[in-house]
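Beneath this line is the structure, given in structure tokens, with notes to follow.
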Amino acid sequence: MSTVAVVGLGYVGLPLAVRAAEVGHQVIGLDLDDNKIAALQSGVSYVEDVSDDQLRLITDSGRFHGELGASLQPDTHRELLEFDIAIIAVPTPLREGQPDLSYVLAAGRMLGQVLRPGAAVVLESTTYPGTTEGLLRDVLEQESGLVAGEDFILGFSPERIDPGSTAHTLQNTPKIVSATTPQGLTVIRAFYDTIVDTTVPVSSPKVAELTKLFENTQANVLIALANEMATFCHDMDIDVWEMLGASMTKGHSMSYWTPGPGVGGHCLPIDPMYLDWLSRTSLGRPFRFAELADQVNRERPTLVAQRAAELLDRRGIDIAGAKVLVLGVAYKPNVGDVRESPALDVVRALGKLGADVTVVDPYVLDWLETPMLPIEELAHHIADFPLSIVVTHHRDFDFAKIADLAPLVLDCRNVMTPADKVVAL
Ligand code: SAJ
């Protein structure tokens, strides 16, 4: 087994660190967020896919501990000096529409200071092709004085975590692996073979980096197609959900993507724009599907607000001043993450129309945009709202009871049977 350093302990890094420790590796986890480190040291998991018990088990075994990696001082992280493989799993957001690799570079600088000959560094953060063999390689070599491919191993392995999914786990999702040399690929693959069921080697980090972007660009485009089709069907008075269901009876070469209030999360709305940025800067032309999908998906929150205003107007209620309840603000069901959530844009679009918005979301604890209603009080108060909008369909909502008690519902997720007072988006 190896000594593994995981830089970045979020929804990607923490499950990876826990899994590596569970199979017997010695793991040191580093994160800039002292709240995360404090939680880990007290045995509390902040990631839905890792339970407190899992965390405590590997912490008690002595095979994992989290450290504050704000300013790495080699003398405070003796174990880190000895890592055999370091995994970088830090955010790669967009900043003013441009890729922001500052976290990757900071991690590379930190690891470069302690990098030893024979060790391996693997980037998992989603990024544009060329990052691993370009920016990351440069900073590692500058800081360490070592040469990638000769003195140390360098590779890329895209994360494929599906947050909140119990069917698709880190262990059972095939893992793409790559390195700058064949020898390096052998070492990196051997490591991942200890923690996942299937590894898929590819010829270079560029192929691996682009594979990830393609996966999420494809998803974003197909969701945008479903969204555009939903708008078309609404205006043509055709039931889009019936049509989508019928299309799936074909059985082959179809995949089920559904319309909704928009696309959230730190992947689908972001990753395609890395591809677009690279196409524009390298080839002088946009990656058109990325831009079109982004445009279509970003129109959805405003459409939700417009439909809400229309529904209230038909009942003689002006949306200005009307109490509206939004059910679910996380970016997807059964998680508490609101990053890039379309719900934020829905709430703001409703606010622009003068609606008095309250939200209810049992998973979200850090919501500051509007008042929140505890889910325990939902049944008691839902009738006080002339309109409720289902934006994120958490498993905790009793949609039959909501349909019974709510005066009017705009259902953005097709989780309720259409009726006089339940209208599909
Ligand atoms: N959404 C729709 N319609 C759909 C599917 C999703 O409107 O048919 C919306 C969701 O409501 C959500 C957003 O899109 O707001 C993203 O949802 P998601 O569950 O598809 O995305 P993530 O970010 O949780 O996970 C995605 C997944 N990738 C793909 O679907 C191709 C996951 O498998 C990836 O590992 C993850 O991105 C990642 O980390 O890249």
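How things are named: the first chain in the structure tokens is A, the next is B, and so on; residues count from 1 in each chain; ligands count from 1 in the order shown.
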Self-check item: Within 9 Å of ligand 1 (only C-alpha atoms and all ligand atoms), residues as a ChimeraX atom specification
Solution: /A:11-12,125-126,158-165,168,212-220,222-224,226-227,256-269,271,297,330-333,340-343,391-393,413
Convert the current residue selection to file output with C-alpha atoms, as a short mmCIF file (atom, residue, chain, number, x, y, z; two decimals), in the first residue's frame.
```cif
data_model
loop_
_atom_site.label_atom_id
_atom_site.label_comp_id
_atom_site.auth_asym_id
_atom_site.auth_seq_id
_atom_site.Cartn_x
_atom_site.Cartn_y
_atom_site.Cartn_z
CA TYR A 11 -17.29 16.12 -2.76
CA VAL A 12 -14.48 14.57 -4.85
CA SER A 125 -10.07 18.45 -11.13
CA THR A 126 -12.01 19.04 -14.33
CA PRO A 158 -11.11 12.79 -14.21
CA GLU A 159 -13.46 12.62 -11.26
CA ARG A 160 -16.84 11.12 -12.09
CA ILE A 161 -18.58 11.53 -8.74
CA ASP A 162 -22.36 11.71 -9.03
CA PRO A 163 -23.17 13.51 -5.75
CA GLY A 164 -26.04 11.97 -3.80
CA SER A 165 -26.17 8.87 -6.02
CA HIS A 168 -23.13 5.21 -9.08
CA LYS A 212 -14.46 14.55 -18.99
CA LEU A 213 -15.41 17.78 -20.73
CA PHE A 214 -17.21 15.83 -23.45
CA GLU A 215 -19.24 13.84 -20.90
CA ASN A 216 -20.55 16.95 -19.21
CA THR A 217 -20.96 18.97 -22.40
CA GLN A 218 -23.06 16.15 -23.84
CA ALA A 219 -25.24 16.15 -20.72
CA ASN A 220 -25.65 19.91 -20.80
CA LEU A 222 -29.14 17.10 -24.07
CA ILE A 223 -30.69 18.83 -21.08
CA ALA A 224 -30.84 22.04 -23.12
CA ALA A 226 -35.12 18.81 -23.41
CA ASN A 227 -35.62 22.36 -22.11
CA TYR A 256 -33.52 10.15 -20.75
CA TRP A 257 -32.82 13.82 -20.07
CA THR A 258 -35.57 15.90 -18.58
CA PRO A 259 -36.56 19.58 -18.78
CA GLY A 260 -36.43 21.57 -15.59
CA PRO A 261 -35.95 25.03 -14.05
CA GLY A 262 -32.34 25.23 -15.23
CA VAL A 263 -29.01 23.44 -14.74
CA GLY A 264 -26.96 23.79 -11.57
CA GLY A 265 -23.97 22.31 -9.83
CA HIS A 266 -20.27 22.91 -10.21
CA CYS A 267 -19.96 20.74 -13.30
CA LEU A 268 -22.61 20.84 -15.99
CA PRO A 269 -22.95 24.64 -16.26
CA ASP A 271 -17.29 22.41 -17.75
CA ASN A 297 -30.47 26.45 -19.89
CA ALA A 330 -30.34 22.88 -3.84
CA TYR A 331 -29.05 22.30 -7.37
CA LYS A 332 -30.35 18.73 -7.44
CA PRO A 333 -32.52 16.48 -5.29
CA GLU A 340 -24.83 27.43 -9.36
CA SER A 341 -28.33 26.31 -8.40
CA PRO A 342 -30.97 27.63 -10.84
CA ALA A 343 -33.22 28.07 -7.80
CA VAL A 391 -37.93 23.64 -8.15
CA THR A 392 -35.91 20.79 -6.58
CA HIS A 393 -37.75 17.58 -5.89
CA ARG A 413 -40.01 18.56 -12.22
#
```
Self-check item: segment 238-255 of chain A environment, 8 Å, only C-alpha atoms, sequence neighbours closer than 6 positions dropped, as a ChimeraX atom specification
Solution: /A:229-230,414
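The closest residue to Gly351 of chain A, picked from A:Glu209, A:Glu133, A:Glu369, A:Asp237 and counting only C-alpha atoms, is A:Glu369.
Counting only C-alpha atoms, Met1 of chain A has the following residues at most 12 Å away, ignoring those fewer than 2 positions along the same chain: Thr3, Val4, Ala20, Ala21, Glu22, Val23, Gly24, His25, Gln26, Val27, Arg63, Phe83, Asp84, Ile85, Ala190, Phe191, Tyr192, Asp193, Thr194 and Ile195 of chain A.
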Quiz item: Among segment 156-251 of chain A, which residues carry a DSSP assignment of strand (DSSP E or B), reported as a ChimeraX atom specification?
Solution: /A:156,175-179,199-201
How about saving the chosen residues, C-alpha atoms kept, as a tab-separated table (two decimals), in the first residue's frame?
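Here's the written file result.tsv:
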```
chain	number	residue	atom	x	y	z
A	156	PHE	CA	-4.72	13.03	-15.03
A	175	LYS	CA	-12.06	5.44	-13.83
A	176	ILE	CA	-10.17	6.95	-16.78
A	177	VAL	CA	-6.43	7.00	-16.03
A	178	SER	CA	-3.56	8.66	-17.91
A	179	ALA	CA	0.06	9.73	-17.49
A	199	THR	CA	-9.72	1.49	-14.66
A	200	VAL	CA	-9.69	2.69	-18.28
A	201	PRO	CA	-6.21	3.75	-19.49
```
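Picture a line from atom CA of Pro272 of chain A to atom CA of Ala293 of chain A; it runs 8.9 Å.
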Exercise. Please measure the separation of atom CA of Pro174 of chain A and atom CA of Leu55 of chain A, giving the value in Å to one decimal.
Key: 23.6 Å
Quiz prompt | Residue with smallest distance to Trp277 of chain A - pool A:Glu96, A:Asp53, A:Ala167, A:Val221, counting only C-alpha atoms | solution = A:Glu96
Exercise. Please identify all polymer residues within 9 Å of segment 318-323 of chain A, counting only C-alpha atoms, omitting same-chain residues fewer than 3 positions from it, and present them as a ChimeraX atom specification.
Key: /A:308-310,312-313,315,350-358,384-388
Output for the residues just chosen: C-alpha atoms as a short mmCIF file (atom, residue, chain, number, x, y, z; two decimals), in the first residue's frame:
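The result, stored in out.cif:
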```cif
data_model
loop_
_atom_site.label_atom_id
_atom_site.label_comp_id
_atom_site.auth_asym_id
_atom_site.auth_seq_id
_atom_site.Cartn_x
_atom_site.Cartn_y
_atom_site.Cartn_z
CA ALA A 308 -45.69 31.91 -12.11
CA ALA A 309 -46.91 35.42 -12.93
CA GLU A 310 -49.24 34.06 -15.65
CA LEU A 312 -51.41 33.95 -10.58
CA ASP A 313 -52.80 36.46 -13.07
CA ARG A 315 -56.56 33.71 -10.71
CA LEU A 350 -39.62 36.18 -8.84
CA GLY A 351 -38.31 38.98 -6.65
CA LYS A 352 -37.89 41.23 -9.70
CA LEU A 353 -41.59 40.72 -10.40
CA GLY A 354 -42.33 41.79 -6.84
CA ALA A 355 -43.15 38.39 -5.38
CA ASP A 356 -42.67 37.87 -1.66
CA VAL A 357 -40.66 34.64 -1.77
CA THR A 358 -40.15 32.07 0.97
CA ASP A 384 -50.94 30.71 3.10
CA PHE A 385 -49.14 30.87 -0.27
CA PRO A 386 -51.31 31.46 -3.36
CA LEU A 387 -48.58 29.69 -5.36
CA SER A 388 -45.99 27.01 -4.57
#
```
Quiz item: What lies within 12 Å of Ser144 of chain A using only C-alpha atoms, ignoring chain neighbours under 4 positions off, as number ranges by chain?
Solution: A: 108-117, 119, 137-140, 148, 151-152
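Between atom CA of Val121 of chain A and atom CA of Glu67 of chain A there is a distance of 18.5 Å.
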